[in-house]
Structures are given as C-alpha cells and as structure tokens.
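Okay, run.tsv now, which holds TSV, N, CA and C atoms:
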```tsv
chain	number	residue	atom	x	y	z
A	17	MET	N	1.07	13.16	-15.23
A	17	MET	CA	2.33	12.84	-14.59
A	17	MET	C	2.12	11.92	-13.38
A	18	PHE	N	1.10	12.26	-12.59
A	18	PHE	CA	0.82	11.45	-11.40
A	18	PHE	C	0.41	10.04	-11.80
A	19	GLU	N	-0.36	9.93	-12.88
A	19	GLU	CA	-0.81	8.61	-13.35
A	19	GLU	C	0.38	7.76	-13.78
A	20	LEU	N	1.35	8.37	-14.41
A	20	LEU	CA	2.56	7.65	-14.82
A	20	LEU	C	3.33	7.14	-13.60
A	21	CYS	N	3.42	7.97	-12.57
A	21	CYS	CA	4.10	7.55	-11.34
A	21	CYS	C	3.37	6.38	-10.69
A	22	VAL	N	2.06	6.40	-10.69
A	22	VAL	CA	1.29	5.32	-10.10
A	22	VAL	C	1.48	4.04	-10.90
A	23	ARG	N	1.52	4.14	-12.23
A	23	ARG	CA	1.76	2.95	-13.05
A	23	ARG	C	3.13	2.36	-12.79
A	24	TRP	N	4.16	3.20	-12.68
A	24	TRP	CA	5.51	2.71	-12.38
A	24	TRP	C	5.56	2.08	-11.00
A	25	LEU	N	4.89	2.68	-10.04
A	25	LEU	CA	4.85	2.12	-8.69
A	25	LEU	C	4.15	0.76	-8.69
A	26	ALA	N	3.05	0.66	-9.40
A	26	ALA	CA	2.33	-0.62	-9.49
A	26	ALA	C	3.18	-1.67	-10.19
A	27	TRP	N	3.89	-1.28	-11.24
A	27	TRP	CA	4.77	-2.22	-11.95
A	27	TRP	C	5.90	-2.70	-11.04
A	28	GLY	N	6.50	-1.78	-10.30
A	28	GLY	CA	7.57	-2.15	-9.38
A	28	GLY	C	7.08	-3.04	-8.25
A	29	LEU	N	5.91	-2.75	-7.74
A	29	LEU	CA	5.33	-3.58	-6.68
A	29	LEU	C	5.00	-4.97	-7.21
A	30	ASP	N	4.45	-5.04	-8.39
A	30	ASP	CA	4.11	-6.32	-9.01
A	30	ASP	C	5.36	-7.16	-9.23
A	31	THR	N	6.41	-6.56	-9.75
A	31	THR	CA	7.66	-7.27	-9.99
A	31	THR	C	8.30	-7.72	-8.67
A	32	SER	N	8.26	-6.86	-7.68
A	32	SER	CA	8.85	-7.21	-6.38
A	32	SER	C	8.11	-8.36	-5.72
A	33	LEU	N	6.80	-8.35	-5.79
A	33	LEU	CA	6.02	-9.44	-5.20
A	33	LEU	C	6.29	-10.77	-5.91
A	34	LYS	N	6.42	-10.72	-7.22
A	34	LYS	CA	6.74	-11.94	-7.97
A	34	LYS	C	8.14	-12.45	-7.59
A	35	ALA	N	9.09	-11.55	-7.40
A	35	ALA	CA	10.44	-11.95	-7.00
A	35	ALA	C	10.43	-12.60	-5.62
A	36	VAL	N	9.66	-12.03	-4.71
A	36	VAL	CA	9.56	-12.61	-3.37
A	36	VAL	C	8.91	-13.98	-3.44
A	37	LEU	N	7.89	-14.13	-4.28
A	37	LEU	CA	7.25	-15.43	-4.41
A	37	LEU	C	8.20	-16.48	-4.97
A	38	VAL	N	9.03	-16.10	-5.92
A	38	VAL	CA	10.03	-17.03	-6.47
A	38	VAL	C	10.98	-17.47	-5.37
A	39	ALA	N	11.45	-16.54	-4.53
A	39	ALA	CA	12.37	-16.88	-3.45
A	39	ALA	C	11.70	-17.76	-2.40
A	40	ILE	N	10.45	-17.48	-2.07
A	40	ILE	CA	9.73	-18.29	-1.08
A	40	ILE	C	9.54	-19.71	-1.58
A	41	VAL	N	9.18	-19.86	-2.85
A	41	VAL	CA	8.99	-21.19	-3.41
A	41	VAL	C	10.32	-21.96	-3.40
A	42	ALA	N	11.42	-21.31	-3.76
A	42	ALA	CA	12.72	-21.97	-3.76
A	42	ALA	C	13.12	-22.37	-2.34
A	43	ALA	N	12.93	-21.48	-1.38
A	43	ALA	CA	13.28	-21.80	0.00
A	43	ALA	C	12.43	-22.95	0.53
A	44	ALA	N	11.15	-22.95	0.19
A	44	ALA	CA	10.26	-24.03	0.65
A	44	ALA	C	10.67	-25.37	0.04
A	45	LEU	N	11.02	-25.36	-1.24
A	45	LEU	CA	11.46	-26.61	-1.88
A	45	LEU	C	12.78	-27.11	-1.29
A	46	LEU	N	13.70	-26.21	-1.03
A	46	LEU	CA	14.96	-26.62	-0.42
A	46	LEU	C	14.73	-27.22	0.96
A	47	ARG	N	13.85	-26.62	1.71
A	47	ARG	CA	13.57	-27.13	3.05
A	47	ARG	C	12.79	-28.44	2.99
A	48	LEU	N	11.84	-28.53	2.07
A	48	LEU	CA	11.02	-29.73	1.93
A	48	LEU	C	11.85	-30.92	1.48
A	49	LEU	N	12.74	-30.68	0.51
A	49	LEU	CA	13.58	-31.77	-0.01
A	49	LEU	C	14.82	-32.03	0.85
A	50	ARG	N	15.07	-31.15	1.82
A	50	ARG	CA	16.20	-31.28	2.75
A	50	ARG	C	17.53	-31.45	2.02
A	51	LEU	N	17.72	-30.60	1.03
A	51	LEU	CA	18.98	-30.64	0.28
A	51	LEU	C	20.08	-29.99	1.11
A	52	ARG	N	21.17	-30.70	1.33
A	52	ARG	CA	22.28	-30.19	2.12
A	52	ARG	C	23.54	-29.98	1.28
A	53	ASP	N	23.54	-30.47	0.05
A	53	ASP	CA	24.71	-30.29	-0.81
A	53	ASP	C	24.83	-28.82	-1.19
A	54	SER	N	25.92	-28.21	-0.79
A	54	SER	CA	26.08	-26.77	-1.03
A	54	SER	C	26.14	-26.44	-2.52
A	55	ASN	N	26.63	-27.34	-3.35
A	55	ASN	CA	26.70	-27.09	-4.78
A	55	ASN	C	25.30	-26.98	-5.38
A	56	ILE	N	24.42	-27.88	-4.99
A	56	ILE	CA	23.04	-27.85	-5.50
A	56	ILE	C	22.31	-26.62	-4.97
A	57	ARG	N	22.48	-26.33	-3.68
A	57	ARG	CA	21.82	-25.15	-3.10
A	57	ARG	C	22.30	-23.88	-3.79
A	58	HIS	N	23.60	-23.80	-4.06
A	58	HIS	CA	24.15	-22.62	-4.74
A	58	HIS	C	23.55	-22.48	-6.14
A	59	ARG	N	23.45	-23.58	-6.87
A	59	ARG	CA	22.87	-23.53	-8.22
A	59	ARG	C	21.41	-23.11	-8.19
A	60	ILE	N	20.68	-23.60	-7.20
A	60	ILE	CA	19.26	-23.23	-7.09
A	60	ILE	C	19.13	-21.74	-6.79
A	61	TRP	N	19.92	-21.22	-5.84
A	61	TRP	CA	19.82	-19.80	-5.50
A	61	TRP	C	20.34	-18.91	-6.63
A	62	MET	N	21.30	-19.40	-7.40
A	62	MET	CA	21.74	-18.62	-8.57
A	62	MET	C	20.63	-18.58	-9.62
A	63	GLY	N	19.89	-19.69	-9.77
A	63	GLY	CA	18.74	-19.69	-10.67
A	63	GLY	C	17.66	-18.75	-10.20
A	64	VAL	N	17.44	-18.69	-8.89
A	64	VAL	CA	16.46	-17.75	-8.33
A	64	VAL	C	16.90	-16.32	-8.61
A	65	LEU	N	18.17	-16.03	-8.40
A	65	LEU	CA	18.68	-14.69	-8.67
A	65	LEU	C	18.54	-14.33	-10.15
A	66	ALA	N	18.86	-15.27	-11.03
A	66	ALA	CA	18.71	-15.01	-12.47
A	66	ALA	C	17.24	-14.78	-12.82
A	67	GLY	N	16.35	-15.55	-12.19
A	67	GLY	CA	14.92	-15.34	-12.42
A	67	GLY	C	14.45	-13.99	-11.93
A	68	MET	N	14.96	-13.58	-10.78
A	68	MET	CA	14.60	-12.25	-10.26
A	68	MET	C	15.09	-11.13	-11.17
A	69	LEU	N	16.29	-11.29	-11.71
A	69	LEU	CA	16.83	-10.27	-12.61
A	69	LEU	C	16.09	-10.25	-13.95
A	70	ALA	N	15.52	-11.39	-14.35
A	70	ALA	CA	14.78	-11.46	-15.61
A	70	ALA	C	13.34	-10.99	-15.46
A	71	LEU	N	12.84	-10.90	-14.23
A	71	LEU	CA	11.44	-10.53	-14.03
A	71	LEU	C	11.04	-9.19	-14.65
A	72	PRO	N	11.84	-8.13	-14.52
A	72	PRO	CA	11.41	-6.87	-15.14
A	72	PRO	C	11.21	-6.97	-16.65
A	73	VAL	N	12.01	-7.82	-17.31
A	73	VAL	CA	11.87	-8.00	-18.75
A	73	VAL	C	10.67	-8.89	-19.06
A	74	LEU	N	10.43	-9.89	-18.22
A	74	LEU	CA	9.36	-10.86	-18.47
A	74	LEU	C	8.00	-10.41	-17.94
A	75	THR	N	7.95	-9.38	-17.12
A	75	THR	CA	6.69	-8.95	-16.51
A	75	THR	C	5.59	-8.63	-17.53
A	76	PRO	N	5.89	-7.98	-18.65
A	76	PRO	CA	4.80	-7.72	-19.61
A	76	PRO	C	4.18	-8.99	-20.20
A	77	PHE	N	4.90	-10.10	-20.15
A	77	PHE	CA	4.41	-11.34	-20.73
A	77	PHE	C	3.77	-12.26	-19.69
A	78	MET	N	3.82	-11.86	-18.43
A	78	MET	CA	3.27	-12.68	-17.34
A	78	MET	C	1.98	-12.05	-16.84
A	79	PRO	N	1.11	-12.86	-16.22
A	79	PRO	CA	-0.12	-12.29	-15.68
A	79	PRO	C	0.19	-11.38	-14.50
A	80	ALA	N	-0.56	-10.30	-14.40
A	80	ALA	CA	-0.34	-9.34	-13.32
A	80	ALA	C	-1.05	-9.82	-12.06
A	81	LEU	N	-0.46	-9.47	-10.92
A	81	LEU	CA	-1.11	-9.73	-9.63
A	81	LEU	C	-2.01	-8.53	-9.35
A	82	ARG	N	-3.29	-8.73	-9.37
A	82	ARG	CA	-4.23	-7.63	-9.16
A	82	ARG	C	-4.39	-7.36	-7.68
A	83	LEU	N	-3.92	-6.19	-7.25
A	83	LEU	CA	-4.02	-5.79	-5.86
A	83	LEU	C	-4.80	-4.48	-5.77
A	84	PRO	N	-5.70	-4.38	-4.82
A	84	PRO	CA	-6.41	-3.11	-4.65
A	84	PRO	C	-5.47	-2.06	-4.06
A	85	LEU	N	-5.37	-0.93	-4.70
A	85	LEU	CA	-4.50	0.15	-4.21
A	85	LEU	C	-5.32	1.21	-3.55
```
Is it possible to give me this structure as structure tokens?
Amino acid sequence: MFELCVRWLAWGLDTSLKAVLVAIVAAALLRLLRLRDSNIRHRIWMGVLAGMLALPVLTPFMPALRLPL
C-alpha cells in the first residue's frame, strides 16, 4: 500500500514539474518576443493550459524526470 502511495506521489510530482516547465517556457518566450497583442497572448496561455490538462494522459508516453527522493 505504501509503495502505491509513493508511486502516485512520484507521478503527481513528475506531472506537476512538467506543467511548471511548460508555463516557464511559455512565459520566457512571451517576454523574449515582447508580444503585447492580448489575442496572441491569450491563445498562447490557452495552449499552455490545454497542455497542462493533457499532461496526466501524456505522462506515460513522455520521459520521466528522474529525481532522487
């Protein structure tokens, strides 16, 4: 039972870190490109949100972030 909880915790941490990385990359690109058009910024952030929501489904197909626990 404890091992199952640790696996779920590791999966949740892995997914959360990937979601944060997606948001950081999007924010850095928006700042780097200096996009001020609210329509484009909204579309980019909606894409980031859709990517974050898709991460739990896509996580088994993506490489894991190996972190020492």
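Rounded to one decimal, atom C of A:Leu29 and atom N of A:Arg82 lie 9.4 Å from each other.
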- Task: Pick out the closest residue to A:Pro72 from this set: A:Ala39, A:Thr31, A:Arg57, A:Val22. Count all atoms listed in the file.
- Result: A:Thr31
- Message: If I take atom CA of A:Ala66 and atom CA of A:Leu37, how far is one from the other in Å, to one decimal?
- Response: 14.0 Å
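Minimum atom-to-atom distances from A:Ala35, A:Val41, A:Leu51, A:Leu20 to A:Leu71 were compared using all atoms listed in the file, and the lowest value belongs to A:Ala35.
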- Task: Using atom N of A:Trp24 and atom N of A:Gly67 as the two end points, give the distance in Å to one decimal.
- Result: 22.4 Å
Could you put an axis-aligned box around every listed atom of stretch 66-81 of chain A, padded by 4 Å on each side, and send me its centre and edge lengths in Å to one decimal, as JSON?
```
{"center_x": 8.4, "center_y": -11.2, "center_z": -15.0, "size_x": 28.9, "size_y": 16.7, "size_z": 19.4}
```
- Task: Mind listing the alpha helix (DSSP H) residues of stretch 23-83 of chain A, per DSSP on the backbone, as a ChimeraX atom specification?
- Result: /A:23-49,54-74
- Message: Give me the residues near A:Val64 as a ChimeraX atom specification, where near means some atom within 10 Å (using only C-alpha atoms) and where sequence neighbours in that chain fewer than 4 positions away do not count.
- Response: /A:35-36,38-43,58-60,68-70
